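The next block is my_file.txt, given as compact mmCIF, C-alpha atoms.
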```txt
# COMPACT_ATOMS: atom_id res chain seq x y z
CA MET A 1 -21.20 -12.33 122.59
CA GLU A 2 -20.48 -11.05 126.10
CA CYS A 3 -17.62 -12.49 128.13
CA GLN A 4 -19.91 -13.60 130.95
CA ALA A 5 -22.08 -15.64 128.56
CA VAL A 6 -18.99 -17.14 126.94
CA GLN A 7 -17.46 -18.13 130.27
CA THR A 8 -20.64 -19.89 131.37
CA GLN A 9 -20.55 -22.00 128.17
CA LEU A 10 -16.85 -22.89 128.22
CA SER A 11 -17.34 -25.96 130.42
CA ALA A 12 -20.09 -27.30 128.15
CA TRP A 13 -17.83 -26.70 125.12
CA LEU A 14 -14.98 -28.55 126.82
CA ASP A 15 -17.29 -31.51 127.45
CA HIS A 16 -18.47 -31.47 123.78
CA GLU A 17 -22.03 -30.65 124.82
CA LEU A 18 -22.48 -27.71 122.41
CA ASP A 19 -23.33 -27.95 118.74
CA GLU A 20 -20.87 -26.80 116.05
CA ALA A 21 -22.49 -23.39 115.56
CA ALA A 22 -22.20 -22.49 119.25
CA GLY A 23 -18.63 -23.82 119.28
CA ALA A 24 -17.75 -21.61 116.30
CA VAL A 25 -19.15 -18.54 118.08
CA LEU A 26 -17.10 -19.36 121.21
CA SER A 27 -13.96 -19.99 119.16
CA ALA A 28 -14.33 -16.63 117.37
CA HIS A 29 -14.79 -14.87 120.71
CA LEU A 30 -11.73 -16.57 122.21
CA LYS A 31 -9.57 -15.37 119.29
CA ARG A 32 -10.28 -11.74 120.09
CA CYS A 33 -10.72 -11.77 123.92
CA GLU A 34 -7.66 -12.32 126.14
CA ALA A 35 -9.66 -12.64 129.40
CA CYS A 36 -11.80 -15.46 128.01
CA ARG A 37 -8.73 -17.16 126.51
CA ARG A 38 -7.12 -17.11 129.96
CA GLU A 39 -10.29 -18.64 131.46
CA TRP A 40 -10.27 -21.30 128.71
CA ARG A 41 -6.62 -22.19 129.42
CA GLU A 42 -7.30 -22.48 133.16
CA LEU A 43 -10.36 -24.65 132.53
CA THR A 44 -8.50 -27.00 130.17
CA ALA A 45 -5.57 -27.25 132.61
CA LEU A 46 -7.97 -28.09 135.44
CA ASP A 47 -9.68 -30.72 133.27
CA ALA A 48 -6.32 -32.28 132.40
CA ALA A 49 -5.22 -32.32 136.05
CA LEU A 50 -8.46 -33.90 137.22
CA SER A 51 -8.40 -36.55 134.50
CA ASN A 52 -4.95 -37.68 135.69
CA LEU A 53 -6.04 -38.20 139.29
CA ALA A 54 -6.41 -41.76 140.46
CA ALA A 55 -9.57 -42.48 142.41
CA PRO A 56 -8.75 -44.27 145.67
CA VAL A 57 -10.37 -47.68 145.96
CA PRO A 58 -11.12 -49.01 149.44
CA SER A 59 -9.20 -52.16 150.26
CA GLY A 60 -11.20 -55.33 149.84
CA LEU A 61 -13.92 -53.66 147.76
CA ALA A 62 -13.71 -56.19 144.91
CA GLU A 63 -13.97 -59.14 147.29
CA LYS A 64 -16.98 -57.62 149.04
CA VAL A 65 -18.77 -57.01 145.75
CA VAL A 66 -18.06 -60.52 144.47
CA ALA A 67 -19.21 -62.05 147.76
CA ARG A 68 -22.52 -60.18 147.63
CA VAL A 69 -23.15 -60.98 143.98
CA ARG A 70 -22.48 -64.69 144.25
CA ARG A 71 -24.61 -65.22 147.35
CA PRO A 72 -28.19 -65.65 146.14
CA ARG A 73 -30.92 -65.15 148.66
CA ARG A 74 -32.90 -68.35 148.89
CA ARG A 75 -36.38 -68.73 150.23
CA PRO A 76 -36.80 -71.48 152.84
CA GLY A 77 -38.55 -74.61 151.58
CA TRP A 78 -41.61 -74.12 153.74
CA GLN A 79 -42.21 -70.67 152.23
CA SER A 80 -42.12 -72.08 148.70
CA ALA A 81 -44.54 -74.86 149.66
CA ALA A 82 -46.87 -72.36 151.35
CA LEU A 83 -46.79 -70.12 148.29
CA ALA A 84 -47.64 -73.05 146.00
CA ALA A 85 -50.47 -74.16 148.30
CA CYS A 86 -51.93 -70.64 148.35
CA LEU A 87 -51.78 -70.52 144.57
CA VAL A 88 -53.61 -73.85 144.18
CA LEU A 89 -56.16 -72.87 146.82
CA GLY A 90 -56.76 -69.52 145.12
CA ILE A 91 -57.34 -71.15 141.74
CA ALA A 92 -59.68 -73.75 143.22
CA LEU A 93 -61.70 -71.24 145.25
CA GLY A 94 -61.79 -68.77 142.38
CA GLY A 95 -63.16 -71.43 140.06
CA THR A 96 -65.75 -72.49 142.58
CA VAL A 97 -66.94 -68.93 143.15
CA ALA A 98 -66.92 -68.13 139.42
CA ARG A 99 -69.09 -71.16 138.64
CA GLY A 100 -72.12 -69.40 140.16
CA PHE A 101 -71.67 -66.33 137.94
CA TYR A 102 -72.23 -68.21 134.70
CA GLY A 103 -75.47 -69.94 133.89
CA ALA A 104 -75.73 -73.16 131.92
CA ALA A 105 -75.93 -72.85 128.15
CA ALA A 106 -79.36 -73.52 126.66
CA PRO A 107 -79.59 -76.27 124.04
CA ASN A 108 -80.65 -75.15 120.55
CA GLU A 109 -82.90 -77.03 118.10
CA THR A 110 -80.14 -79.53 117.21
CA GLY A 111 -79.55 -80.32 120.87
CA ALA A 112 -76.11 -78.71 121.01
CA GLU A 113 -75.40 -76.35 123.88
CA VAL A 114 -75.08 -72.77 122.67
CA ALA A 115 -74.08 -69.91 124.93
CA SER A 116 -76.50 -67.02 125.10
CA LEU A 117 -75.29 -63.69 123.79
CA GLU A 118 -76.30 -62.20 127.12
CA VAL A 119 -73.61 -64.17 128.93
CA PHE A 120 -70.03 -63.05 128.41
CA HIS A 121 -67.38 -65.58 129.37
CA ASP A 122 -64.14 -64.09 130.61
CA PHE A 123 -62.23 -67.32 130.10
CA PRO A 124 -60.48 -68.23 126.83
CA GLN A 125 -61.67 -71.43 125.20
CA GLY A 126 -59.81 -74.44 126.58
CA SER A 127 -58.48 -72.63 129.65
CA LEU A 128 -58.73 -73.97 133.18
CA GLY A 129 -61.21 -71.21 134.03
CA ALA A 130 -63.49 -72.25 131.15
CA VAL A 131 -63.39 -75.88 132.33
CA VAL A 132 -64.24 -74.92 135.90
CA ALA A 133 -67.02 -72.54 134.75
CA SER A 134 -68.56 -75.25 132.54
CA TYR A 135 -68.55 -77.86 135.33
CA GLN A 136 -72.08 -78.86 136.28
CA PRO A 137 -72.18 -81.05 139.41
CA GLU A 138 -75.59 -82.51 138.58
CA ASP A 139 -74.35 -83.66 135.14
CA GLY A 140 -71.23 -85.29 136.48
CA ASN A 141 -68.19 -83.80 134.82
CA GLY A 142 -69.45 -80.95 132.67
CA ASN A 143 -69.36 -81.50 128.92
CA LEU A 144 -67.32 -84.69 129.15
CA GLN A 145 -69.44 -87.81 128.58
```

If you took the structure in this file and wrote it as structure tokens, what would it be?
Amino acid sequence: MECQAVQTQLSAWLDHELDEAAGAVLSAHLKRCEACRREWRELTALDAALSNLAAPVPSGLAEKVVARVRRPRRRPGWQSAALAACLVLGIALGGTVARGFYGAAAPNETGAEVASLEVFHDFPQGSLGAVVASYQPEDGNGNLQ
């Protein structure tokens, strides 16, 4: 292995990023090459010196972080009420508009209402959408008697 290729991989080997086979090749090269051994010693000394450095922490950093974490952002009451009103209005209007998309089910020979296969209902059985879609104003309150 050439010295230039070895020296580009020394940092990765120091950080344990190479597999054992590549590490064995580098180790064998370092045993016979003084220039690469010198580079390895300098790199390990630099790594040791940098690992002993203390990172400066700005004064008051912990207090600032704690103050920002503990202070939840609250929505004003009127915004929550407006959001709830929009949600209710959207459900009501959506149900009213959807009612026109679905025709009434035709009664079969036993008198029970059976949905046509041509009509596909998007609402799960028992959901609010199914109740609104089944509401027939001329019958009163839909299927409820």

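Note that CA of Ala48 (chain A) and CA of Ala62 (chain A) are 28.0 Å apart.
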
key: Between CA of Thr8 (chain A) and CA of Glu39 (chain A) - distance in Å to one decimal   =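 These two atoms are separated by 10.4 Å.
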
ask   = Quick one: distance from CA of Ala82 (chain A) to CA of Gly94 (chain A) in Å, one decimal?
value =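 Computing it gives 17.8 Å between the two atoms.
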
message = Please list as a ChimeraX atom specification every residue within 7 Å of Gly95 (chain A), counting all atoms listed in the file and excluding residues in the same chain fewer than 3 positions away.
response = /A:91-92,98-99,129,132-133

What box, with edges along x, y and z, holds each listed atom of region 75-90 of chain A when 6 Å is added on every side, and can you state its centre and edge lengths in Å to one decimal, as lines of an AutoDock Vina configuration file?
```
center_x = -46.6
center_y = -71.8
center_z = 149.0
size_x = 32.4
size_y = 18.1
size_z = 21.6
```

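For the set A:Leu93, A:Ala12, A:Leu128, A:Leu61, the residue with the smallest atom-to-atom gap to Thr44 (chain A) is A:Ala12, counting only C-alpha atoms.
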
query = Which is closest to Asp15 (chain A) among A:Glu34, A:Ser27, A:Ala67, A:Leu43, if we use all atoms listed in the file?
reply =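 Looking only at the distances to Asp15 (chain A), the closest residue turns out to be A:Leu43.
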
message = Could you check the closest approach to Ala45 (chain A) for each of A:Leu14, A:Gln79, A:Val6, A:Gly90 and tell me which residue wins, using only C-alpha atoms?
response = A:Leu14

Provide region 59-73 of chain A rebuilt to N, CA and C atoms, formatted as an mmCIF file, keeping the file's coordinate frame.
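Below you can see part21.cif, which holds the result:
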```
data_model
loop_
_atom_site.group_PDB
_atom_site.id
_atom_site.type_symbol
_atom_site.label_atom_id
_atom_site.label_comp_id
_atom_site.auth_asym_id
_atom_site.auth_seq_id
_atom_site.Cartn_x
_atom_site.Cartn_y
_atom_site.Cartn_z
ATOM 1 N N SER A 59 -9.766 -50.813 150.298
ATOM 2 C CA SER A 59 -9.200 -52.160 150.260
ATOM 3 C C SER A 59 -10.297 -53.193 150.478
ATOM 4 N N GLY A 60 -10.236 -54.252 149.712
ATOM 5 C CA GLY A 60 -11.200 -55.330 149.840
ATOM 6 C C GLY A 60 -12.532 -55.067 149.164
ATOM 7 N N LEU A 61 -12.649 -53.988 148.395
ATOM 8 C CA LEU A 61 -13.920 -53.660 147.760
ATOM 9 C C LEU A 61 -14.323 -54.732 146.744
ATOM 10 N N ALA A 62 -13.392 -55.186 145.931
ATOM 11 C CA ALA A 62 -13.710 -56.190 144.910
ATOM 12 C C ALA A 62 -14.202 -57.481 145.550
ATOM 13 N N GLU A 63 -13.557 -57.909 146.616
ATOM 14 C CA GLU A 63 -13.970 -59.140 147.290
ATOM 15 C C GLU A 63 -15.364 -59.007 147.891
ATOM 16 N N LYS A 64 -15.665 -57.840 148.450
ATOM 17 C CA LYS A 64 -16.980 -57.620 149.040
ATOM 18 C C LYS A 64 -18.071 -57.641 147.966
ATOM 19 N N VAL A 65 -17.785 -57.035 146.835
ATOM 20 C CA VAL A 65 -18.770 -57.010 145.750
ATOM 21 C C VAL A 65 -19.002 -58.413 145.221
ATOM 22 N N VAL A 66 -17.936 -59.161 144.994
ATOM 23 C CA VAL A 66 -18.060 -60.520 144.470
ATOM 24 C C VAL A 66 -18.809 -61.407 145.472
ATOM 25 N N ALA A 67 -18.540 -61.243 146.741
ATOM 26 C CA ALA A 67 -19.210 -62.050 147.760
ATOM 27 C C ALA A 67 -20.708 -61.764 147.790
ATOM 28 N N ARG A 68 -21.094 -60.522 147.602
ATOM 29 C CA ARG A 68 -22.520 -60.180 147.630
ATOM 30 C C ARG A 68 -23.225 -60.632 146.360
ATOM 31 N N VAL A 69 -22.528 -60.598 145.243
ATOM 32 C CA VAL A 69 -23.150 -60.980 143.980
ATOM 33 C C VAL A 69 -23.346 -62.484 143.906
ATOM 34 N N ARG A 70 -22.416 -63.242 144.368
ATOM 35 C CA ARG A 70 -22.480 -64.690 144.250
ATOM 36 C C ARG A 70 -23.407 -65.351 145.270
ATOM 37 N N ARG A 71 -23.796 -64.641 146.300
ATOM 38 C CA ARG A 71 -24.610 -65.220 147.350
ATOM 39 C C ARG A 71 -26.083 -64.957 147.073
ATOM 40 N N PRO A 72 -26.777 -65.891 146.398
ATOM 41 C CA PRO A 72 -28.190 -65.650 146.140
ATOM 42 C C PRO A 72 -29.013 -65.829 147.414
ATOM 43 N N ARG A 73 -30.032 -65.031 147.502
ATOM 44 C CA ARG A 73 -30.920 -65.150 148.660
ATOM 45 C C ARG A 73 -31.951 -66.204 148.337
#
```
